[in-house]
Amino acid sequence: MKRETYKGRKIKAVKGRGSAWGYSRVTLNGVDMGKYMGDEGTALASVRSYIDHADEVGVSSARYGAEWYAPGTYELCDHGHAKAIGGLCGHSYCEERRAEPCANITVGGVCVCDHCMKPYLAAS
Ligand SMILES: [Zn+2]
Ligand SMILES: [Zn+2]
């Protein structure tokens with residue numbers, strides 16, 4: 001098992017056995033990231049390059065989950081997405097809600113406007 005801290009992120013890689021042979025299991029800031037190809041060193045190197053990319057696109061891009069960023073360098077939006085502190089959330093769900101504000105068509109205490117119904121329609 002190898003552990004390291006890269007740019008404030010805690011990474012752990014554990015070499016796989018049996019069916020996971022040739023892979024390493026990666027934990028990033030305490031979140032299980034699944035299997036990465038290669039030994040522990042290779043897995044850590046791939047995670048480092050993803051972290052570099054996560055920094056490049058920025059936390060508000062919503063391209064990477066919160067676990068890809070160093071604790072204390074981001075905050076969560078009202079819907080639980082990581083975003084820059086004081087910045088706007090770049091997650092498509094939040095961007096759509098900003099683009100299309102609530103029309104306040106209340107039926108039985110529940111708003112049925114396109115904006116509020118969208119998440120339910122998309123999920124069905
Ligand atoms: Zn959001
Ligand atoms: Zn609404």
# chains A, B, ... in the order shown; residues from 1 in each chain; ligands from 1

$ residues_near_ligand --ligand "ligand 2" --cutoff "9 Å" --atoms "only C-alpha atoms and all ligand atoms" --output "list of chain:residue names"
A:Pro101, A:Cys102, A:Ala103, A:Asn104, A:Ile105, A:Thr106, A:Val110, A:Cys111, A:Val112, A:Cys113, A:Asp114, A:His115, A:Cys116, A:Met117

$ write_last_selection --atoms "N, CA and C atoms" --output "short mmCIF file (atom, residue, chain, number, x, y, z; two decimals), in the first residue's frame"
data_model
loop_
_atom_site.label_atom_id
_atom_site.label_comp_id
_atom_site.auth_asym_id
_atom_site.auth_seq_id
_atom_site.Cartn_x
_atom_site.Cartn_y
_atom_site.Cartn_z
N PRO A 101 -35.70 30.38 -14.49
CA PRO A 101 -36.15 30.54 -13.10
C PRO A 101 -37.55 30.01 -12.87
N CYS A 102 -37.88 29.80 -11.63
CA CYS A 102 -39.18 29.25 -11.25
C CYS A 102 -40.30 30.20 -11.65
N ALA A 103 -41.36 29.63 -12.27
CA ALA A 103 -42.50 30.44 -12.71
C ALA A 103 -43.60 30.46 -11.65
N ASN A 104 -43.39 29.72 -10.56
CA ASN A 104 -44.30 29.76 -9.41
C ASN A 104 -45.75 29.41 -9.78
N ILE A 105 -45.96 28.28 -10.41
CA ILE A 105 -47.31 27.80 -10.74
C ILE A 105 -47.63 26.74 -9.68
N THR A 106 -48.24 27.20 -8.60
CA THR A 106 -48.42 26.29 -7.46
C THR A 106 -49.75 25.56 -7.53
N VAL A 110 -47.45 22.62 -4.29
CA VAL A 110 -46.23 22.20 -5.00
C VAL A 110 -46.17 22.96 -6.32
N CYS A 111 -45.02 23.51 -6.64
CA CYS A 111 -44.88 24.24 -7.91
C CYS A 111 -44.70 23.24 -9.05
N VAL A 112 -45.48 23.44 -10.12
CA VAL A 112 -45.42 22.50 -11.25
C VAL A 112 -44.85 23.17 -12.51
N CYS A 113 -44.14 24.28 -12.34
CA CYS A 113 -43.57 24.94 -13.53
C CYS A 113 -42.48 24.04 -14.13
N ASP A 114 -42.10 24.32 -15.38
CA ASP A 114 -41.10 23.51 -16.08
C ASP A 114 -39.80 23.41 -15.28
N HIS A 115 -39.45 24.53 -14.67
CA HIS A 115 -38.21 24.60 -13.91
C HIS A 115 -38.21 23.60 -12.74
N CYS A 116 -39.31 23.58 -12.00
CA CYS A 116 -39.36 22.70 -10.82
C CYS A 116 -39.63 21.24 -11.19
N MET A 117 -40.31 21.02 -12.32
CA MET A 117 -40.66 19.66 -12.73
C MET A 117 -39.52 18.99 -13.49
#

$ select_by_dssp --residues "chain A" --states "helix (DSSP H, G or I)" --output "PyMOL selection string"
chain A and resi 18-20+40-57+59-61+66-68+92-99+114-123

$ select_by_dssp --residues "chain A" --states "strand (DSSP E)" --output "NGL selection string"
:A and (2-6 or 9-15 or 23-28 or 31-37 or 75-76 or 82-83 or 106-107 or 110-111)

$ write_last_selection --atoms "N, CA and C atoms" --output "CSV table (one decimal), in the first residue's frame"
chain,number,residue,atom,x,y,z
A,2,LYS,N,0.5,2.2,-0.8
A,2,LYS,CA,1.2,3.5,-0.9
A,2,LYS,C,0.2,4.6,-0.6
A,3,ARG,N,0.7,5.6,0.2
A,3,ARG,CA,-0.1,6.8,0.5
A,3,ARG,C,0.8,8.0,0.1
A,4,GLU,N,0.1,9.0,-0.3
A,4,GLU,CA,0.8,10.3,-0.5
A,4,GLU,C,-0.1,11.4,-0.4
A,5,THR,N,0.4,12.6,-0.2
A,5,THR,CA,-0.4,13.8,-0.2
A,5,THR,C,0.1,14.6,-1.4
A,6,TYR,N,-0.8,14.9,-2.4
A,6,TYR,CA,-0.4,15.7,-3.5
A,6,TYR,C,-1.3,16.9,-3.6
A,9,ARG,N,-4.3,16.9,-1.5
A,9,ARG,CA,-5.2,15.7,-1.6
A,9,ARG,C,-4.5,14.5,-1.0
A,10,LYS,N,-5.2,13.7,-0.3
A,10,LYS,CA,-4.7,12.5,0.3
A,10,LYS,C,-5.0,11.3,-0.6
A,11,ILE,N,-4.0,10.7,-1.1
A,11,ILE,CA,-4.3,9.6,-2.1
A,11,ILE,C,-3.7,8.3,-1.5
A,12,LYS,N,-4.5,7.2,-1.6
A,12,LYS,CA,-4.0,5.9,-1.2
A,12,LYS,C,-4.2,4.9,-2.3
A,13,ALA,N,-3.2,4.1,-2.5
A,13,ALA,CA,-3.3,3.0,-3.6
A,13,ALA,C,-3.0,1.7,-3.0
A,14,VAL,N,-3.8,0.7,-3.2
A,14,VAL,CA,-3.6,-0.7,-2.7
A,14,VAL,C,-3.6,-1.6,-3.9
A,15,LYS,N,-2.5,-2.4,-4.0
A,15,LYS,CA,-2.3,-3.3,-5.1
A,15,LYS,C,-3.4,-4.4,-5.0
A,23,TYR,N,-4.3,-4.2,-11.2
A,23,TYR,CA,-5.0,-3.0,-10.9
A,23,TYR,C,-4.6,-2.6,-9.5
A,24,SER,N,-4.8,-1.3,-9.2
A,24,SER,CA,-4.7,-0.9,-7.8
A,24,SER,C,-6.0,-0.1,-7.4
A,25,ARG,N,-6.4,-0.3,-6.2
A,25,ARG,CA,-7.6,0.3,-5.7
A,25,ARG,C,-7.2,1.7,-5.1
A,26,VAL,N,-7.9,2.7,-5.5
A,26,VAL,CA,-7.5,4.1,-5.2
A,26,VAL,C,-8.5,4.7,-4.2
A,27,THR,N,-8.0,5.3,-3.2
A,27,THR,CA,-8.9,6.1,-2.3
A,27,THR,C,-8.4,7.6,-2.3
A,28,LEU,N,-9.3,8.5,-2.6
A,28,LEU,CA,-8.9,9.9,-2.7
A,28,LEU,C,-9.7,10.7,-1.7
A,31,VAL,N,-12.5,8.9,-0.3
A,31,VAL,CA,-13.5,8.4,-1.1
A,31,VAL,C,-13.0,7.2,-2.0
A,32,ASP,N,-13.6,6.1,-2.0
A,32,ASP,CA,-13.2,5.0,-2.8
A,32,ASP,C,-13.4,5.3,-4.3
A,33,MET,N,-12.3,5.4,-5.1
A,33,MET,CA,-12.4,5.7,-6.5
A,33,MET,C,-12.4,4.5,-7.4
A,34,GLY,N,-12.4,3.3,-6.9
A,34,GLY,CA,-12.4,2.1,-7.7
A,34,GLY,C,-11.0,1.8,-8.1
A,35,LYS,N,-10.9,0.9,-9.2
A,35,LYS,CA,-9.7,0.3,-9.7
A,35,LYS,C,-9.0,1.2,-10.7
A,36,TYR,N,-7.7,1.3,-10.6
A,36,TYR,CA,-6.9,2.0,-11.6
A,36,TYR,C,-5.9,1.0,-12.1
A,37,MET,N,-5.6,1.1,-13.4
A,37,MET,CA,-4.7,0.1,-14.1
A,37,MET,C,-3.3,0.4,-13.5
A,75,GLU,N,-16.5,25.0,-1.8
A,75,GLU,CA,-17.7,24.8,-1.0
A,75,GLU,C,-18.8,24.1,-1.8
A,76,LEU,N,-19.8,23.6,-1.1
A,76,LEU,CA,-20.9,22.9,-1.8
A,76,LEU,C,-22.0,23.8,-2.1
A,82,ALA,N,-19.6,20.5,-5.7
A,82,ALA,CA,-18.5,21.3,-5.3
A,82,ALA,C,-18.4,22.5,-6.2
A,83,LYS,N,-18.1,23.7,-5.7
A,83,LYS,CA,-17.9,24.9,-6.5
A,83,LYS,C,-16.9,25.8,-5.8
A,106,THR,N,-48.2,27.2,-8.6
A,106,THR,CA,-48.4,26.3,-7.5
A,106,THR,C,-49.8,25.6,-7.5
A,107,VAL,N,-49.7,24.2,-7.4
A,107,VAL,CA,-50.9,23.4,-7.4
A,107,VAL,C,-50.8,22.6,-6.1
A,110,VAL,N,-47.4,22.6,-4.3
A,110,VAL,CA,-46.2,22.2,-5.0
A,110,VAL,C,-46.2,23.0,-6.3
A,111,CYS,N,-45.0,23.5,-6.6
A,111,CYS,CA,-44.9,24.2,-7.9
A,111,CYS,C,-44.7,23.2,-9.0

$ residues_near_ligand --ligand "ligand 1" --cutoff "12 Å" --atoms "only C-alpha atoms and all ligand atoms" --output "list in words"
Val59, Ser60, Ser61, Ala62, Arg63, Gly65, Ala66, Glu75, Leu76, Cys77, Asp78, His79, Gly80, His81, Ala82, Lys83, Ala84, Gly87, Leu88, Cys89, Gly90, His91, Ser92, Tyr93, Cys94, Glu95, Glu96, Arg97 and Arg98 of chain A

$ atom_distance --atom1 "atom CA of A:Gly58" --atom2 "atom CA of A:Thr42"
24.1 Å

$ closest_residue --among "A:Gly108, A:Gly86, A:Pro119, A:Gly38" --to "A:Gly22" --atoms "only C-alpha atoms"
A:Gly38

$ atom_distance --atom1 "atom CA of A:Ala43" --atom2 "atom CA of A:Glu56"
20.0 Å

$ decode --residues "stretch 13-106 of chain A" --atoms "C-alpha atoms" --output "PDB file, in the first residue's frame"
ATOM      1  CA  ALA A  13      -3.328   3.032  -3.570  1.00  0.00           C
ATOM      2  CA  VAL A  14      -3.603  -0.651  -2.684  1.00  0.00           C
ATOM      3  CA  LYS A  15      -2.343  -3.300  -5.081  1.00  0.00           C
ATOM      4  CA  GLY A  16      -5.092  -5.626  -6.301  1.00  0.00           C
ATOM      5  CA  ARG A  17      -5.065  -9.413  -5.886  1.00  0.00           C
ATOM      6  CA  GLY A  18      -6.941 -12.217  -7.620  1.00  0.00           C
ATOM      7  CA  SER A  19      -9.344 -10.867 -10.231  1.00  0.00           C
ATOM      8  CA  ALA A  20      -8.093  -7.337  -9.495  1.00  0.00           C
ATOM      9  CA  TRP A  21      -4.503  -8.336 -10.284  1.00  0.00           C
ATOM     10  CA  GLY A  22      -2.814  -5.691 -12.446  1.00  0.00           C
ATOM     11  CA  TYR A  23      -4.962  -2.979 -10.892  1.00  0.00           C
ATOM     12  CA  SER A  24      -4.707  -0.869  -7.778  1.00  0.00           C
ATOM     13  CA  ARG A  25      -7.592   0.316  -5.676  1.00  0.00           C
ATOM     14  CA  VAL A  26      -7.458   4.069  -5.150  1.00  0.00           C
ATOM     15  CA  THR A  27      -8.890   6.120  -2.286  1.00  0.00           C
ATOM     16  CA  LEU A  28      -8.887   9.892  -2.726  1.00  0.00           C
ATOM     17  CA  ASN A  29      -9.599  12.137   0.281  1.00  0.00           C
ATOM     18  CA  GLY A  30     -11.317   9.152   1.903  1.00  0.00           C
ATOM     19  CA  VAL A  31     -13.537   8.356  -1.121  1.00  0.00           C
ATOM     20  CA  ASP A  32     -13.186   4.989  -2.845  1.00  0.00           C
ATOM     21  CA  MET A  33     -12.372   5.741  -6.502  1.00  0.00           C
ATOM     22  CA  GLY A  34     -12.378   2.135  -7.680  1.00  0.00           C
ATOM     23  CA  LYS A  35      -9.691   0.331  -9.664  1.00  0.00           C
ATOM     24  CA  TYR A  36      -6.884   1.999 -11.580  1.00  0.00           C
ATOM     25  CA  MET A  37      -4.727   0.145 -14.061  1.00  0.00           C
ATOM     26  CA  GLY A  38      -1.188  -0.666 -12.988  1.00  0.00           C
ATOM     27  CA  ASP A  39       0.731  -1.031  -9.758  1.00  0.00           C
ATOM     28  CA  GLU A  40       0.479   1.369  -6.838  1.00  0.00           C
ATOM     29  CA  GLY A  41       3.042   3.793  -8.269  1.00  0.00           C
ATOM     30  CA  THR A  42       1.319   3.875 -11.669  1.00  0.00           C
ATOM     31  CA  ALA A  43      -2.097   4.383 -10.070  1.00  0.00           C
ATOM     32  CA  LEU A  44      -0.785   7.278  -7.947  1.00  0.00           C
ATOM     33  CA  ALA A  45       0.774   8.850 -11.034  1.00  0.00           C
ATOM     34  CA  SER A  46      -2.543   8.697 -12.937  1.00  0.00           C
ATOM     35  CA  VAL A  47      -4.407  10.213  -9.999  1.00  0.00           C
ATOM     36  CA  ARG A  48      -1.810  13.015  -9.841  1.00  0.00           C
ATOM     37  CA  SER A  49      -2.347  13.808 -13.501  1.00  0.00           C
ATOM     38  CA  TYR A  50      -6.141  13.867 -13.006  1.00  0.00           C
ATOM     39  CA  ILE A  51      -5.635  16.209 -10.063  1.00  0.00           C
ATOM     40  CA  ASP A  52      -3.553  18.513 -12.276  1.00  0.00           C
ATOM     41  CA  HIS A  53      -6.385  18.477 -14.803  1.00  0.00           C
ATOM     42  CA  ALA A  54      -8.983  19.067 -12.069  1.00  0.00           C
ATOM     43  CA  ASP A  55      -7.026  22.172 -11.026  1.00  0.00           C
ATOM     44  CA  GLU A  56      -6.754  23.289 -14.625  1.00  0.00           C
ATOM     45  CA  VAL A  57     -10.523  23.128 -15.309  1.00  0.00           C
ATOM     46  CA  GLY A  58     -11.349  24.417 -11.805  1.00  0.00           C
ATOM     47  CA  VAL A  59     -13.806  23.216  -9.213  1.00  0.00           C
ATOM     48  CA  SER A  60     -16.706  25.266 -10.679  1.00  0.00           C
ATOM     49  CA  SER A  61     -16.471  23.375 -13.969  1.00  0.00           C
ATOM     50  CA  ALA A  62     -18.243  20.465 -12.215  1.00  0.00           C
ATOM     51  CA  ARG A  63     -16.057  18.098 -14.264  1.00  0.00           C
ATOM     52  CA  TYR A  64     -14.655  16.525 -11.092  1.00  0.00           C
ATOM     53  CA  GLY A  65     -16.357  15.635  -7.822  1.00  0.00           C
ATOM     54  CA  ALA A  66     -15.498  17.343  -4.542  1.00  0.00           C
ATOM     55  CA  GLU A  67     -13.057  14.560  -3.582  1.00  0.00           C
ATOM     56  CA  TRP A  68     -10.699  15.721  -6.357  1.00  0.00           C
ATOM     57  CA  TYR A  69     -10.071  19.012  -4.561  1.00  0.00           C
ATOM     58  CA  ALA A  70      -8.187  19.803  -1.389  1.00  0.00           C
ATOM     59  CA  PRO A  71     -10.444  20.192   1.648  1.00  0.00           C
ATOM     60  CA  GLY A  72     -11.135  23.869   2.382  1.00  0.00           C
ATOM     61  CA  THR A  73     -10.560  25.032  -1.214  1.00  0.00           C
ATOM     62  CA  TYR A  74     -14.182  24.644  -2.323  1.00  0.00           C
ATOM     63  CA  GLU A  75     -17.712  24.813  -0.963  1.00  0.00           C
ATOM     64  CA  LEU A  76     -20.865  22.883  -1.826  1.00  0.00           C
ATOM     65  CA  CYS A  77     -23.782  24.515  -3.643  1.00  0.00           C
ATOM     66  CA  ASP A  78     -27.380  24.085  -2.390  1.00  0.00           C
ATOM     67  CA  HIS A  79     -27.555  20.833  -4.371  1.00  0.00           C
ATOM     68  CA  GLY A  80     -24.335  19.367  -3.035  1.00  0.00           C
ATOM     69  CA  HIS A  81     -22.009  20.050  -5.982  1.00  0.00           C
ATOM     70  CA  ALA A  82     -18.490  21.321  -5.326  1.00  0.00           C
ATOM     71  CA  LYS A  83     -17.874  24.879  -6.506  1.00  0.00           C
ATOM     72  CA  ALA A  84     -15.387  27.694  -5.993  1.00  0.00           C
ATOM     73  CA  ILE A  85     -15.904  29.545  -2.721  1.00  0.00           C
ATOM     74  CA  GLY A  86     -18.294  32.421  -3.449  1.00  0.00           C
ATOM     75  CA  GLY A  87     -18.546  31.323  -7.107  1.00  0.00           C
ATOM     76  CA  LEU A  88     -21.422  30.002  -9.194  1.00  0.00           C
ATOM     77  CA  CYS A  89     -21.961  26.266  -9.501  1.00  0.00           C
ATOM     78  CA  GLY A  90     -21.092  24.963 -12.974  1.00  0.00           C
ATOM     79  CA  HIS A  91     -23.056  21.706 -12.695  1.00  0.00           C
ATOM     80  CA  SER A  92     -25.549  21.379 -15.567  1.00  0.00           C
ATOM     81  CA  TYR A  93     -28.438  20.885 -13.126  1.00  0.00           C
ATOM     82  CA  CYS A  94     -27.708  24.228 -11.424  1.00  0.00           C
ATOM     83  CA  GLU A  95     -26.942  26.042 -14.676  1.00  0.00           C
ATOM     84  CA  GLU A  96     -30.320  25.010 -16.087  1.00  0.00           C
ATOM     85  CA  ARG A  97     -32.113  26.156 -12.972  1.00  0.00           C
ATOM     86  CA  ARG A  98     -30.423  29.555 -13.214  1.00  0.00           C
ATOM     87  CA  ALA A  99     -31.225  29.852 -16.927  1.00  0.00           C
ATOM     88  CA  GLU A 100     -34.875  29.017 -16.351  1.00  0.00           C
ATOM     89  CA  PRO A 101     -36.146  30.542 -13.098  1.00  0.00           C
ATOM     90  CA  CYS A 102     -39.179  29.246 -11.246  1.00  0.00           C
ATOM     91  CA  ALA A 103     -42.502  30.438 -12.714  1.00  0.00           C
ATOM     92  CA  ASN A 104     -44.298  29.758  -9.414  1.00  0.00           C
ATOM     93  CA  ILE A 105     -47.308  27.795 -10.737  1.00  0.00           C
ATOM     94  CA  THR A 106     -48.418  26.295  -7.459  1.00  0.00           C
TER      95      THR A 106
END
